[in-house]
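J.: Questions regarding the structure given below will be posed in turn.
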Amino acid sequence: MSTLLNPAPVLLPPAAPRPARRGARAGRILGYLALIVASAAVLLPFYWMVVSSLKTNNEVFTLPVTWLPSSAEWHNYVDIWTRSDMTTWLGNTVLLSVVVTLLQVLTGSFAAYGFAKIRFPGRDVLFLAYVGTLAVPWQSYMIPQFVLLSKWHLSDTLWSIIAIQAFGALGVFLMKQFYESVPDELVDAARIDGMSEYGIYRRIMLPLSTPALASLALLTLVNTWNDFLGPLLYLRSNDLWTIQLGLRTFISQYSAEYALIMTGSVLSVLPIAVIFLVGQRYFVEGIATTGLKG
Amino acid sequence: MNRSITAVLGAATVLSLALTGCSSGDDGAGADGKTTLTLAGWSLATTPEFKLLADGFHQKNPDVTVELKEYDPKNYDTQMIADLAAGKAPDIYVQKTLKNFYTYQSGKQLLDVSDVAAGLKSANGLSSYQVDGKTFAVPYRGDSWVIYYNKALFDQAKVKYPDGSWTWDDYAAAGKQLTTGLKTAGSKALGIYEHVWQSTLQGFALAQTPGADLASGNFGYLKPYYTRALDLQKAGAQVGLGDATTNNLTYQAQFGKQQAAMMTMGTWYIATLLSQQKSGDADTFEWGIAPAPQADKSTTGTAATPVTFADPTGLGINPKIDKGEIDAAKAFLSYAAGPDAAKALAAIGITPANTDAAADTIFAVKGVPTDAVAKFAFTKHDTKPENPVGKYTAPLQNILNDLHTAVLSGSKDIDAAIAEAQDRAKNEVLNK
Amino acid sequence: MTTIPAARRRRNTLLGWSFLLPNFIGFALLTMVPVVLLFYYAFTSWDMFGGSEWTGLDNFQQMVRDASFRTALGNTLYYTVFHIPLTLLAALGLALLLNKRLRGVAFFRTVAFFPYITSIVAVAQVWNMLFSPGYGPINAVLRAVGVDNPPGWTTSADWSMPAVIVVGTWREMGYFMLIFLAGLQTVPGELYEAARVDGANAWQRLRAVTLPCLRPTTFFVIVMLTINSFKVFDLILVMTNGGPGQSTLVLAQYIYRKGFEENQFGYASAVSVVLFGICFLVTVVQFLVNRRREA
């Protein structure tokens, strides 16, 4: 029993089998080179974003493209802070992202356990309904939803964004799939040991699914952080604006200031990039189940 | 099946009603006789016109305060539709595009303001807001399309400035001449920049071709305009649509950074160009405006009235306004469309609907070209709407936008594209 | 399924719902109610401001005659058919490659995720410019290797969809890589050891160990890819806006046009219902296939 509940760390397969050392090193260098070239290609749009943020407005879209600004306009970064209300926007965004992520991860993984490990009539149909709503484009029901939330006096409050973002079907679906890869035998054994379903969820499932929880948290965070249409529709008071809404509204006031648009985009991407860089080990260095399946 | 749907809906409605309680928002006429109106606007920090109108009106009517409610300029209609649907929209709201006026009017979201319209002396574009003899909004801005030209580049290429006598063939010939002239002079600038919008060709074609009617579903009138544009693209006298879209070219940069010697554009660009030249986003050079090129000689020359196009910008009243505030709101509309507001708007570079009252003011603004041709171009024109109000306008314009990109990218030839557009218009739009 | 006693079943139902409830309340009120309303509006001439008339199947009959709807549906299927396998392979490949203890792997993982978080305006701009027929580097390379008439990409009716598919794949591969990475952590290490002892090579280990263990993750990725492809919207909007002509017009964009631009919300709702129906069918098939494989 104890071996069942004490998960062993994953043994990752080594990068290359281990033939002659020199061959391995050459291969590794080639591999790195390929990765670096690929990275450069992938990062090209981001590079363009950074460069454009340092240009003057009418230099941004030109023919042919200029890859280096004629002179770096660093003041764009100062301007956007002094002329706009970035601190408020950042504060709101962080608050929303954290609350939405917490709610989504908690309620999502909780519901997912019900879907994955408890059999009851109507379960599969309900689950399909969950997944089915993902297929309806938000634009087609955003007005009825808006009218509903307005009637509940939630529009123009931060609650509205929490309400529409936190209970999405994505989290339930993702977590359910991960719980299904946890062998039923493990759960049954715990049940025989007299553990309650809630105990199994908390003591077995949650620890086992750290990588999934972490990726769900990150994906939710990114989506909330980058959401534009939701805040656009719901948050009208300036002091409630999120970073995406604030930046774009700020920028569209100066409609042709494309350099500032890119400055704003760079600034809104950076926090996410940092979170990813720092937190990414949690997505992969989770704990795997012991080999009951197979 | 019908019944079960109704049952589900009933349940949903009961549920939402139960959670709703009652909702009503009241503001407005207070006991002290003071009234507060709310007015929708966008980008308040950089679009001073709304505050200008609100303050100007308050000065004349100290009992009425106009409060501004800010919207997003690019998503104005989406936000406004949502607010109207939820009953949260302001008392007075702007008809930002004429294309969407039909949505609001047919959705019964505009109050009849015929009495306000009856009191207006001159207001370009008023007729666009009239349906079945009733008026549902009044215009306060009335732009129109003109030629902008760069005097320095014209001089460099040794081409004569436009003088109001041009037909489109003259315009095309000048564009080619400019391009070769500029190349010889060692400049990389092209003769013409036409922005990627369908309006650059279709707006003129619809306004200037006798008998052309969008709602007829016959689009043959577009052909000469597209043939000319394709020829200019082929001759290299203007950037092709493909290169302009893939490189996201902006007309502000193309003209402001002297990449093109001339372009057609609406009069709203006057204020933008002035401020960009001041801020350094545009180069400093001498420029002018001239009447738009004409379909034939019958409307050219300063003795005639040139035909051009543009949609007005208007103000309408939300029917959910408190009964006691309707008179104040109507007074505001009369003020905004009247001569005093026109002068105030012109002073900040905006073309008011009442151009007669405003011409002197706008030419006093520093940097605005004041030659006779410019004055003529600004004051005298027959401006037709780009989007004649009607049930079919929006879907037909979408079809014609597909035609625009297909033809100018070279994916389809103009005859085939017109045939296809007419087919689609008949089968998808006009049969409803 | 073995027969379960009634009392046990009732207990399970209660238990199951107790797990679902916190999420379900929010989901039902905020998503399900509007979606159900949408289904109702599909049978009306709704105009968003509350004015609506029951029109029965009119909207659906109109759809049958609507050539633009067929074009949009065809384009959506075109996008879906290529986008799903390409993204799946790219994401899985990236995940396998970056699920290793390499120096700097954290950096490369972050890079792979970058396309997903980079501003879509910048993405569209840079790709459009790379694809630019006359000035772009892609066609410059093609000409250099001897292609006389390189395609016009986003400015040509035939090549605009392939161009959009490439960018869509590039943008989403990092997102699904992340999910695959998480999924790979559930593969028990002992299985690899056992396979290696049996003399299986890397390819055989992938087929015999990794892929079977990844099945629940793969199912999730495929379903989400299907749904995302059918709903593709913002990428098209900024890259080509449906053009040139109607060559990249997709269903979600068609719904937006009909609703917000042309004020036919009833019709737009009907198209949404059809989109929902297609996605739902595909998902149910995937669900059944997945369950049969598991059994």
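In the structure tokens, chains take letters A, B, ... by order of appearance, with residues numbered from 1 within each chain and ligands from 1 in the order shown.
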Within 9 Å of Phe43 (chain C), counting only C-alpha atoms, which residues show up once you throw out same-chain ones fewer than 3 positions away? Write them as a VMD selection string, please.
T.: chain C and resid 39 to 40 46 53 to 60 266 to 267 269 to 270
J.: Could the residues in this selection be saved with C-alpha atoms as a tab-separated table (two decimals), in the first residue's frame?
T.:
chain	number	residue	atom	x	y	z
C	39	PHE	CA	-30.44	27.89	-29.23
C	40	TYR	CA	-33.81	29.56	-28.89
C	46	TRP	CA	-33.75	38.25	-32.96
C	53	GLU	CA	-40.23	36.75	-33.71
C	54	TRP	CA	-40.49	32.99	-33.90
C	55	THR	CA	-39.56	32.07	-37.45
C	56	GLY	CA	-39.28	28.33	-37.12
C	57	LEU	CA	-36.77	26.77	-39.45
C	58	ASP	CA	-36.41	29.86	-41.66
C	59	ASN	CA	-32.87	30.58	-40.58
C	60	PHE	CA	-31.80	27.03	-41.31
C	266	GLY	CA	-31.11	35.29	-35.30
C	267	TYR	CA	-29.35	34.00	-38.38
C	269	SER	CA	-27.29	32.26	-33.79
C	270	ALA	CA	-28.48	29.60	-36.21
J.: Could you give me, as JSON lines, every chain B residue with an atom at most 8 Å from chain A, plus its closest atom pair and distance in Å to one decimal, counting only C-alpha atoms, rows ordered by chain then number?
T.:
{"residue": "B:Ser16", "atom": "CA", "partner": "A:Leu148", "partner_atom": "CA", "distance": 7.0}
{"residue": "B:Leu19", "atom": "CA", "partner": "A:Trp152", "partner_atom": "CA", "distance": 6.7}
{"residue": "B:Thr20", "atom": "CA", "partner": "A:Trp152", "partner_atom": "CA", "distance": 5.0}
{"residue": "B:Gly21", "atom": "CA", "partner": "A:Trp152", "partner_atom": "CA", "distance": 7.8}
{"residue": "B:Ser23", "atom": "CA", "partner": "A:Lys151", "partner_atom": "CA", "distance": 6.4}
{"residue": "B:Ser43", "atom": "CA", "partner": "A:Gln253", "partner_atom": "CA", "distance": 4.9}
{"residue": "B:Leu44", "atom": "CA", "partner": "A:Gln253", "partner_atom": "CA", "distance": 7.8}
{"residue": "B:Ala45", "atom": "CA", "partner": "A:Gln253", "partner_atom": "CA", "distance": 7.1}
{"residue": "B:Thr46", "atom": "CA", "partner": "A:Gln253", "partner_atom": "CA", "distance": 5.8}
{"residue": "B:Thr47", "atom": "CA", "partner": "A:Gln253", "partner_atom": "CA", "distance": 7.7}
{"residue": "B:Glu70", "atom": "CA", "partner": "A:Arg236", "partner_atom": "CA", "distance": 7.7}
{"residue": "B:Tyr71", "atom": "CA", "partner": "A:Arg236", "partner_atom": "CA", "distance": 7.7}
{"residue": "B:Asp72", "atom": "CA", "partner": "A:Thr249", "partner_atom": "CA", "distance": 6.2}
{"residue": "B:Pro73", "atom": "CA", "partner": "A:Ser252", "partner_atom": "CA", "distance": 6.9}
{"residue": "B:Lys74", "atom": "CA", "partner": "A:Ser252", "partner_atom": "CA", "distance": 7.4}
{"residue": "B:Thr78", "atom": "CA", "partner": "A:Leu233", "partner_atom": "CA", "distance": 8.0}
{"residue": "B:Gln79", "atom": "CA", "partner": "A:Leu233", "partner_atom": "CA", "distance": 5.9}
{"residue": "B:Ala82", "atom": "CA", "partner": "A:Ile143", "partner_atom": "CA", "distance": 5.9}
{"residue": "B:Ala85", "atom": "CA", "partner": "A:Val147", "partner_atom": "CA", "distance": 6.6}
{"residue": "B:Ala86", "atom": "CA", "partner": "A:Val147", "partner_atom": "CA", "distance": 4.8}
{"residue": "B:Asn247", "atom": "CA", "partner": "A:Phe61", "partner_atom": "CA", "distance": 6.3}
{"residue": "B:Asn248", "atom": "CA", "partner": "A:Phe61", "partner_atom": "CA", "distance": 6.0}
{"residue": "B:Leu249", "atom": "CA", "partner": "A:Phe61", "partner_atom": "CA", "distance": 5.6}
{"residue": "B:Thr250", "atom": "CA", "partner": "A:Phe61", "partner_atom": "CA", "distance": 7.1}
{"residue": "B:Gln252", "atom": "CA", "partner": "A:Asn58", "partner_atom": "CA", "distance": 7.5}
{"residue": "B:Ala253", "atom": "CA", "partner": "A:Asn58", "partner_atom": "CA", "distance": 5.0}
{"residue": "B:Lys257", "atom": "CA", "partner": "A:Asn58", "partner_atom": "CA", "distance": 7.2}
{"residue": "B:Asp281", "atom": "CA", "partner": "A:Asn58", "partner_atom": "CA", "distance": 6.1}
{"residue": "B:Ala282", "atom": "CA", "partner": "A:Asn58", "partner_atom": "CA", "distance": 7.3}
J.: Save the residues we just selected, C-alpha atoms, as a PDB file, in the first residue's frame?
T.:
ATOM      1  CA  SER B  16     -32.595  34.688 -14.260  1.00  0.00           C
ATOM      2  CA  LEU B  19     -31.713  36.191  -9.399  1.00  0.00           C
ATOM      3  CA  THR B  20     -32.331  39.552 -10.920  1.00  0.00           C
ATOM      4  CA  GLY B  21     -34.829  41.128  -8.658  1.00  0.00           C
ATOM      5  CA  SER B  23     -33.556  46.585 -11.934  1.00  0.00           C
ATOM      6  CA  SER B  43     -11.095  58.556 -26.514  1.00  0.00           C
ATOM      7  CA  LEU B  44     -12.018  61.608 -24.457  1.00  0.00           C
ATOM      8  CA  ALA B  45      -8.406  62.553 -23.798  1.00  0.00           C
ATOM      9  CA  THR B  46      -7.599  62.993 -27.465  1.00  0.00           C
ATOM     10  CA  THR B  47     -11.021  63.610 -28.979  1.00  0.00           C
ATOM     11  CA  GLU B  70     -16.354  56.939 -22.453  1.00  0.00           C
ATOM     12  CA  TYR B  71     -16.365  54.153 -25.036  1.00  0.00           C
ATOM     13  CA  ASP B  72     -13.645  52.400 -26.977  1.00  0.00           C
ATOM     14  CA  PRO B  73     -13.211  53.956 -30.432  1.00  0.00           C
ATOM     15  CA  LYS B  74     -12.610  50.695 -32.269  1.00  0.00           C
ATOM     16  CA  THR B  78     -20.175  46.458 -29.954  1.00  0.00           C
ATOM     17  CA  GLN B  79     -20.144  48.179 -26.574  1.00  0.00           C
ATOM     18  CA  ALA B  82     -24.480  45.602 -25.452  1.00  0.00           C
ATOM     19  CA  ALA B  85     -29.553  45.640 -24.938  1.00  0.00           C
ATOM     20  CA  ALA B  86     -28.957  45.754 -21.190  1.00  0.00           C
ATOM     21  CA  ASN B 247       2.957  45.405 -44.808  1.00  0.00           C
ATOM     22  CA  ASN B 248       0.098  47.066 -42.922  1.00  0.00           C
ATOM     23  CA  LEU B 249       0.802  50.392 -44.555  1.00  0.00           C
ATOM     24  CA  THR B 250      -0.897  53.380 -42.977  1.00  0.00           C
ATOM     25  CA  GLN B 252      -0.762  58.686 -42.292  1.00  0.00           C
ATOM     26  CA  ALA B 253       2.776  57.401 -42.820  1.00  0.00           C
ATOM     27  CA  LYS B 257       6.399  60.644 -44.502  1.00  0.00           C
ATOM     28  CA  ASP B 281       5.438  61.988 -36.609  1.00  0.00           C
ATOM     29  CA  ALA B 282       4.976  63.473 -40.073  1.00  0.00           C
TER      30      ALA B 282
END
J.: With only C-alpha atoms considered, list every residue of chain C at most 7 Å from chain A, as a PDB file with C-alpha atoms, in the first residue's frame.
T.:
ATOM      1  CA  ARG C   9     -25.879   4.186  -6.876  1.00  0.00           C
ATOM      2  CA  ASN C  12     -22.555   7.766  -5.849  1.00  0.00           C
ATOM      3  CA  THR C  13     -24.897  10.204  -7.505  1.00  0.00           C
ATOM      4  CA  GLY C  16     -20.589  12.838  -7.791  1.00  0.00           C
ATOM      5  CA  PHE C  19     -17.864  17.265  -6.544  1.00  0.00           C
ATOM      6  CA  LEU C  20     -19.423  18.885  -9.572  1.00  0.00           C
ATOM      7  CA  PRO C  22     -19.082  24.298  -7.094  1.00  0.00           C
ATOM      8  CA  ASN C  23     -18.085  24.450 -10.728  1.00  0.00           C
ATOM      9  CA  GLY C  26     -21.164  28.930 -12.044  1.00  0.00           C
ATOM     10  CA  PHE C  27     -21.039  27.090 -15.323  1.00  0.00           C
ATOM     11  CA  LEU C  30     -23.064  31.927 -16.693  1.00  0.00           C
ATOM     12  CA  PRO C  34     -26.887  32.066 -22.423  1.00  0.00           C
ATOM     13  CA  VAL C  35     -26.091  29.098 -24.668  1.00  0.00           C
ATOM     14  CA  LEU C  38     -28.823  31.134 -28.152  1.00  0.00           C
ATOM     15  CA  LYS C 100      14.875  16.108 -21.215  1.00  0.00           C
ATOM     16  CA  ALA C 106      13.940  25.979 -19.549  1.00  0.00           C
ATOM     17  CA  PHE C 107      14.889  28.666 -22.009  1.00  0.00           C
ATOM     18  CA  THR C 110       9.836  29.363 -22.819  1.00  0.00           C
ATOM     19  CA  VAL C 111      10.742  30.178 -26.406  1.00  0.00           C
ATOM     20  CA  PRO C 115       4.265  32.566 -30.034  1.00  0.00           C
ATOM     21  CA  ILE C 117       1.754  35.018 -25.710  1.00  0.00           C
ATOM     22  CA  THR C 118       3.167  37.415 -28.294  1.00  0.00           C
ATOM     23  CA  SER C 119       0.670  40.095 -29.308  1.00  0.00           C
ATOM     24  CA  ALA C 122       2.760  41.640 -33.999  1.00  0.00           C
ATOM     25  CA  VAL C 123       2.349  38.027 -35.072  1.00  0.00           C
ATOM     26  CA  VAL C 126       5.622  39.861 -39.002  1.00  0.00           C
ATOM     27  CA  TYR C 135       9.424  42.046 -50.710  1.00  0.00           C
ATOM     28  CA  LEU C 178       2.810  22.391 -22.436  1.00  0.00           C
ATOM     29  CA  ILE C 179      -0.109  20.000 -22.018  1.00  0.00           C
ATOM     30  CA  LEU C 181       4.774  17.928 -21.230  1.00  0.00           C
ATOM     31  CA  ALA C 182       2.443  17.604 -18.260  1.00  0.00           C
ATOM     32  CA  GLN C 185       5.079  13.183 -16.457  1.00  0.00           C
ATOM     33  CA  THR C 186       2.384  10.585 -15.883  1.00  0.00           C
ATOM     34  CA  VAL C 187       4.283   7.954 -17.855  1.00  0.00           C
ATOM     35  CA  PRO C 188       5.783   5.599 -15.275  1.00  0.00           C
ATOM     36  CA  GLY C 189       9.554   5.470 -15.559  1.00  0.00           C
ATOM     37  CA  GLU C 190       9.643   1.735 -14.869  1.00  0.00           C
ATOM     38  CA  PRO C 216      -5.957  10.718 -22.185  1.00  0.00           C
ATOM     39  CA  THR C 217      -3.767  13.745 -22.881  1.00  0.00           C
ATOM     40  CA  PHE C 220      -7.809  16.240 -24.716  1.00  0.00           C
ATOM     41  CA  ILE C 227     -12.853  22.927 -31.266  1.00  0.00           C
ATOM     42  CA  LYS C 231     -13.771  28.392 -33.904  1.00  0.00           C
ATOM     43  CA  ALA C 252     -16.728  32.194 -36.579  1.00  0.00           C
ATOM     44  CA  TYR C 256     -19.585  37.871 -36.288  1.00  0.00           C
ATOM     45  CA  SER C 269     -27.295  32.260 -33.790  1.00  0.00           C
ATOM     46  CA  SER C 272     -23.551  29.124 -34.250  1.00  0.00           C
ATOM     47  CA  PHE C 276     -21.866  23.728 -32.275  1.00  0.00           C
ATOM     48  CA  CYS C 279     -18.110  20.215 -33.163  1.00  0.00           C
ATOM     49  CA  PHE C 280     -20.367  18.208 -30.899  1.00  0.00           C
TER      50      PHE C 280
END
J.: Once you count only C-alpha atoms, what closest atom pair and distance in Å to one decimal does each residue of chain C within 10 Å of chain B have, with rows by chain and rising residue number, as JSON lines?
T.:
{"residue": "C:Ala28", "atom": "CA", "partner": "B:Ala12", "partner_atom": "CA", "distance": 9.9}
{"residue": "C:Leu29", "atom": "CA", "partner": "B:Ser16", "partner_atom": "CA", "distance": 8.3}
{"residue": "C:Met32", "atom": "CA", "partner": "B:Ala12", "partner_atom": "CA", "distance": 9.3}
{"residue": "C:Val33", "atom": "CA", "partner": "B:Ala12", "partner_atom": "CA", "distance": 6.1}
{"residue": "C:Pro34", "atom": "CA", "partner": "B:Ala12", "partner_atom": "CA", "distance": 8.9}
{"residue": "C:Val36", "atom": "CA", "partner": "B:Leu9", "partner_atom": "CA", "distance": 7.3}
{"residue": "C:Leu37", "atom": "CA", "partner": "B:Leu9", "partner_atom": "CA", "distance": 6.9}
{"residue": "C:Phe39", "atom": "CA", "partner": "B:Ile5", "partner_atom": "CA", "distance": 9.0}
{"residue": "C:Tyr40", "atom": "CA", "partner": "B:Ile5", "partner_atom": "CA", "distance": 7.5}
{"residue": "C:Trp46", "atom": "CA", "partner": "B:Gly107", "partner_atom": "CA", "distance": 9.8}
{"residue": "C:Asp47", "atom": "CA", "partner": "B:Gly107", "partner_atom": "CA", "distance": 6.6}
{"residue": "C:Met48", "atom": "CA", "partner": "B:Ala85", "partner_atom": "CA", "distance": 6.3}
{"residue": "C:Phe49", "atom": "CA", "partner": "B:Ala85", "partner_atom": "CA", "distance": 4.7}
{"residue": "C:Gly50", "atom": "CA", "partner": "B:Ala85", "partner_atom": "CA", "distance": 7.1}
{"residue": "C:Gly51", "atom": "CA", "partner": "B:Gly107", "partner_atom": "CA", "distance": 7.2}
{"residue": "C:Gly56", "atom": "CA", "partner": "B:Asn2", "partner_atom": "CA", "distance": 9.7}
{"residue": "C:Gln62", "atom": "CA", "partner": "B:Glu428", "partner_atom": "CA", "distance": 8.2}
{"residue": "C:Met63", "atom": "CA", "partner": "B:Glu428", "partner_atom": "CA", "distance": 9.2}
{"residue": "C:Arg65", "atom": "CA", "partner": "B:Asn427", "partner_atom": "CA", "distance": 7.6}
{"residue": "C:Asp66", "atom": "CA", "partner": "B:Glu428", "partner_atom": "CA", "distance": 5.8}
{"residue": "C:Ala67", "atom": "CA", "partner": "B:Glu428", "partner_atom": "CA", "distance": 7.4}
{"residue": "C:Ser68", "atom": "CA", "partner": "B:Glu428", "partner_atom": "CA", "distance": 7.8}
{"residue": "C:Phe69", "atom": "CA", "partner": "B:Glu428", "partner_atom": "CA", "distance": 9.5}
{"residue": "C:Ala124", "atom": "CA", "partner": "B:Thr246", "partner_atom": "CA", "distance": 8.8}
{"residue": "C:Gln125", "atom": "CA", "partner": "B:Asn247", "partner_atom": "CA", "distance": 6.8}
{"residue": "C:Val126", "atom": "CA", "partner": "B:Asn247", "partner_atom": "CA", "distance": 8.5}
{"residue": "C:Trp127", "atom": "CA", "partner": "B:Thr246", "partner_atom": "CA", "distance": 8.5}
{"residue": "C:Asn128", "atom": "CA", "partner": "B:Thr246", "partner_atom": "CA", "distance": 4.8}
{"residue": "C:Met129", "atom": "CA", "partner": "B:Asn247", "partner_atom": "CA", "distance": 5.5}
{"residue": "C:Leu130", "atom": "CA", "partner": "B:Thr246", "partner_atom": "CA", "distance": 8.6}
{"residue": "C:Phe131", "atom": "CA", "partner": "B:Thr246", "partner_atom": "CA", "distance": 7.5}
{"residue": "C:Ser132", "atom": "CA", "partner": "B:Thr246", "partner_atom": "CA", "distance": 5.7}
{"residue": "C:Pro133", "atom": "CA", "partner": "B:Asp243", "partner_atom": "CA", "distance": 7.3}
{"residue": "C:Gly134", "atom": "CA", "partner": "B:Asp243", "partner_atom": "CA", "distance": 7.3}
{"residue": "C:Tyr135", "atom": "CA", "partner": "B:Asp243", "partner_atom": "CA", "distance": 8.1}
{"residue": "C:Gly136", "atom": "CA", "partner": "B:Thr246", "partner_atom": "CA", "distance": 9.3}
{"residue": "C:Gly152", "atom": "CA", "partner": "B:Gly242", "partner_atom": "CA", "distance": 8.5}
{"residue": "C:Trp153", "atom": "CA", "partner": "B:Thr246", "partner_atom": "CA", "distance": 9.6}
{"residue": "C:Thr154", "atom": "CA", "partner": "B:Thr246", "partner_atom": "CA", "distance": 7.4}
{"residue": "C:Thr155", "atom": "CA", "partner": "B:Gly242", "partner_atom": "CA", "distance": 5.2}
{"residue": "C:Ser156", "atom": "CA", "partner": "B:Ser411", "partner_atom": "CA", "distance": 6.0}
{"residue": "C:Ala157", "atom": "CA", "partner": "B:Ser411", "partner_atom": "CA", "distance": 5.8}
{"residue": "C:Asp158", "atom": "CA", "partner": "B:Ser411", "partner_atom": "CA", "distance": 8.4}
{"residue": "C:Met239", "atom": "CA", "partner": "B:Thr246", "partner_atom": "CA", "distance": 8.3}
{"residue": "C:Thr240", "atom": "CA", "partner": "B:Thr245", "partner_atom": "CA", "distance": 8.4}
{"residue": "C:Asn241", "atom": "CA", "partner": "B:Asp402", "partner_atom": "CA", "distance": 9.7}
{"residue": "C:Gly242", "atom": "CA", "partner": "B:Asp402", "partner_atom": "CA", "distance": 8.3}
{"residue": "C:Gly243", "atom": "CA", "partner": "B:Thr405", "partner_atom": "CA", "distance": 6.3}
{"residue": "C:Pro244", "atom": "CA", "partner": "B:Thr405", "partner_atom": "CA", "distance": 4.8}
{"residue": "C:Gly245", "atom": "CA", "partner": "B:Asp402", "partner_atom": "CA", "distance": 4.1}
{"residue": "C:Gln246", "atom": "CA", "partner": "B:Asp402", "partner_atom": "CA", "distance": 6.0}
{"residue": "C:Ser247", "atom": "CA", "partner": "B:Ala406", "partner_atom": "CA", "distance": 8.8}
{"residue": "C:Leu249", "atom": "CA", "partner": "B:Asp402", "partner_atom": "CA", "distance": 9.7}
{"residue": "C:Arg257", "atom": "CA", "partner": "B:Asn398", "partner_atom": "CA", "distance": 8.3}
{"residue": "C:Lys258", "atom": "CA", "partner": "B:Pro395", "partner_atom": "CA", "distance": 7.8}
{"residue": "C:Phe260", "atom": "CA", "partner": "B:Thr78", "partner_atom": "CA", "distance": 7.1}
{"residue": "C:Glu261", "atom": "CA", "partner": "B:Ala394", "partner_atom": "CA", "distance": 6.5}
{"residue": "C:Glu262", "atom": "CA", "partner": "B:Ala394", "partner_atom": "CA", "distance": 5.2}
{"residue": "C:Asn263", "atom": "CA", "partner": "B:Thr103", "partner_atom": "CA", "distance": 6.0}
{"residue": "C:Gln264", "atom": "CA", "partner": "B:Thr103", "partner_atom": "CA", "distance": 9.3}
J.: Name the residues of region 293-357 of chain B that come out as strand (DSSP E or B) in a backbone DSSP run; write them as a count of residues only.
T.: 10
J.: List as a list of chain:residue names the protein and nucleic acid residues near Ala329 (chain B), meaning an atom at most 10 Å away when only C-alpha atoms are counted, but skip any in the same chain fewer than 4 places from it.
T.: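 Within the cut-off, the hits are B:Thr35, B:Thr36, B:Leu37, B:Thr38, B:Leu39, B:Val64, B:Val66, B:Asp91, B:Ile92, B:Val113, B:Gly316, B:Ile317, B:Asn318, B:Ile321, B:Gly324, B:Glu325, B:Leu333, B:Ser334, B:Tyr335.
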J.: Skipping near chain neighbours, those fewer than 2 positions away, what residues fall within 10 Å of region 351-358 of chain B using only C-alpha atoms, listed as an mmCIF file with C-alpha atoms, in the first residue's frame?
T.:
data_model
loop_
_atom_site.group_PDB
_atom_site.id
_atom_site.type_symbol
_atom_site.label_atom_id
_atom_site.label_comp_id
_atom_site.auth_asym_id
_atom_site.auth_seq_id
_atom_site.Cartn_x
_atom_site.Cartn_y
_atom_site.Cartn_z
ATOM 1 C CA LEU B 120 -31.907 73.210 -38.591
ATOM 2 C CA LYS B 121 -30.939 75.559 -41.423
ATOM 3 C CA SER B 122 -27.924 73.844 -42.911
ATOM 4 C CA ALA B 123 -26.762 70.361 -42.033
ATOM 5 C CA ASN B 124 -24.926 68.239 -44.587
ATOM 6 C CA GLY B 125 -26.010 64.646 -44.421
ATOM 7 C CA LEU B 126 -29.269 65.148 -42.526
ATOM 8 C CA VAL B 138 -28.958 64.871 -36.559
ATOM 9 C CA PRO B 139 -25.454 65.264 -38.018
ATOM 10 C CA TYR B 140 -22.843 67.370 -36.258
ATOM 11 C CA ARG B 141 -19.807 66.357 -38.329
ATOM 12 C CA GLY B 142 -19.819 66.222 -42.105
ATOM 13 C CA ASP B 143 -16.554 65.193 -43.654
ATOM 14 C CA SER B 144 -16.025 64.725 -47.362
ATOM 15 C CA GLY B 266 -11.557 62.340 -45.963
ATOM 16 C CA THR B 267 -11.293 65.815 -44.469
ATOM 17 C CA TRP B 268 -10.794 64.320 -40.982
ATOM 18 C CA ILE B 270 -6.594 67.633 -41.931
ATOM 19 C CA ALA B 271 -6.525 67.714 -38.121
ATOM 20 C CA PRO B 312 -21.951 62.116 -41.669
ATOM 21 C CA THR B 313 -21.527 61.607 -37.922
ATOM 22 C CA GLY B 314 -24.709 62.201 -35.989
ATOM 23 C CA ALA B 336 -24.664 70.423 -31.579
ATOM 24 C CA ALA B 337 -25.936 70.590 -35.154
ATOM 25 C CA GLY B 338 -26.258 74.377 -35.125
ATOM 26 C CA PRO B 339 -23.939 77.205 -36.196
ATOM 27 C CA ASP B 340 -22.349 77.990 -32.795
ATOM 28 C CA ALA B 341 -21.190 74.436 -32.273
ATOM 29 C CA ALA B 342 -20.044 74.325 -35.903
ATOM 30 C CA LYS B 343 -17.697 77.254 -35.302
ATOM 31 C CA ALA B 344 -16.356 75.727 -32.118
ATOM 32 C CA LEU B 345 -15.732 72.406 -33.873
ATOM 33 C CA ALA B 346 -14.049 74.055 -36.841
ATOM 34 C CA ALA B 347 -11.673 75.840 -34.500
ATOM 35 C CA ILE B 348 -10.185 72.497 -33.492
ATOM 36 C CA GLY B 349 -9.830 71.318 -37.097
ATOM 37 C CA ASP B 360 -13.934 81.164 -41.965
ATOM 38 C CA THR B 361 -13.012 79.558 -38.680
ATOM 39 C CA ILE B 362 -11.258 76.525 -40.134
ATOM 40 C CA PHE B 363 -9.119 78.536 -42.552
ATOM 41 C CA PHE B 378 -13.613 72.500 -48.445
ATOM 42 C CA THR B 379 -16.798 74.477 -48.902
ATOM 43 C CA LYS B 380 -18.329 73.435 -52.184
#
